[in-house]
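Visitor: What follows is a structure written as structure tokens; I'll ask about it next.
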Number of protein chains: 2
Amino acid sequence: MPPRERDTARTRRTVLDAAARTVAKQGAGVSLDVIAREAGVSKSGLLHHFRSRDQLLLALARDQVDTFAAEVRAAVDPADHAAGRLVRAYVKVIFDSLGDETMISEHLLLTAALSTVPGVAEILQADAREWESAFTADGLHPDRVLIITKAADGASLATLYEGGSNPVALERTRELLLSMTRGEGSFTG
Amino acid sequence: MPPRERDTARTRRTVLDAAARTVAKQGAGVSLDVIAREAGVSKSGLLHHFRSRDQLLLALARDQVDTFAAEVRAAVDPADHAAGRLVRAYVKVIFDSLGDETMISEHLLLTAALSTVPGVAEILQADAREWESAFTADGLHPDRVLIITKAADGASLATLYEGGSNPVALERTRELLLSMTRGEGSFTG
DNA sequence: CAGTACAGACCAAATGGTCGGCTACTACTG
DNA sequence: CAGTAGTAGCCGACCATTTGGTCTGTACTG
């Protein structure tokens, strides 16, 4: 029954991307006007696809979380069958997205900005639980997973603090974390 | 010349604390009205101390950064003269503030929320540089510092994702990081 | 008296959201 | 295949409310 499925989906994507960009730049307080203009539609057009501001931001949060998960899944090396392959992909995706300055959606920062929107916290919590169980099945020692993933998250925060001004430390962190997924350094039994 | 210095300082603190609370809860988009009400003053009263919204948020960011630094300095164990004493204090302060749910100011999350405010990025970057040099003088291997501090930062982000629902993992992370500051596990040369 | 901490009324601008209308495509009808 | 009714995408005008900020006044203090 949905007759113009194609266009609808495309507009939604356009708006979502525009929202991601503007929220990343100006925080979750951006006005619908700004988002709509960035997306190249009218405010009414935007509101046709997302019934309210909160609905839009909620959808954005969901989209961020889903996209990130998909990216990590796609980044898993098919030839890699050793323990920690998922954690390796996780680290890679986080640092790759940090690499290019112009990255549209900075997963962590964006979701952090959105965390005050009504339904978003629940989404983030559910997502966190999924990652936790996925990591448990990845074969690495839990302590190791804890340190590595938290450090990756922290590094992603650091771009905000350092303003992306420290690419060498970033690269070093990436290498350290990847090596830790390969069992180097037995800081835990 | 400032006749009522005492009251001025106190009101500023009250407003700053109120701002910290509301921004943490509702994001950097909070209205002056809400902050003023939370602080128990009129909006005009608030604007008497902070000439504009941006000035207030800027002052808030500065205050957050300074308070955190002071807390870490105060948390350094005077009896601890081994390498990594500053990093240990850093970890302790971060996790202690995460401990109590009702913590007024969640340093990292708050500054993240404020990062879109005009002058704040510069403050955060300067602060990051100071920490870096302080850590360099702390005697631990740079790689170790990198991993530990980033992981601590990431853990602080995690409260947002997990909704503080995982205190056991938090405690575990804290212990792991502290033990890592004591040179256990030589994951790096 | 001078100056400062505040409050209340007020204002222009911006905001989220509604409404009616136009267009273009789909699907049915003959 | 032509015509047409229906419907979804989208826009511009519009509205009530909220917003950041100013201005005027007042109480208090040194």
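Just so we're on the same page: first chain in the structure tokens is A, next is B, and so on; residues restart at 1 for each chain, and ligands are numbered from 1 in the order they show up.
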Pick out the residues sitting within 10 Å of stretch 10-18 of chain C, and hand them over as a list of chain:residue names; count only C-alpha atoms (C1' of nucleotides), and ignore anything fewer than 2 positions along from it in its own chain.

Guide: A:Ser31, A:Leu32, A:Asp33, A:Lys43, A:Ser44, A:Leu47, A:Arg51, A:Ser52, A:Arg53, C:DG8, C:DG20, D:DC14, D:DC15, D:DA16, D:DT17, D:DT18, D:DT19, D:DG20, D:DG21, D:DT22, D:DC23

Visitor: Give me the residues within 12 Å of stretch 122-135 of chain B as an MDAnalysis selection string, counting only C-alpha atoms (C1' of nucleotides) and dropping any in the same chain fewer than 5 places off.

Guide: (chainID A and resid 157:166 169) or (chainID B and resid 57:69 72:73 83:90 107:108 110:117 140:146 148:150 181)

Visitor: Hey, list the chain D side of the contact with chain A: 8 Å cut-off, only C-alpha atoms (C1' of nucleotides), answer as an NGL selection string.

Guide: :D and (8-11)
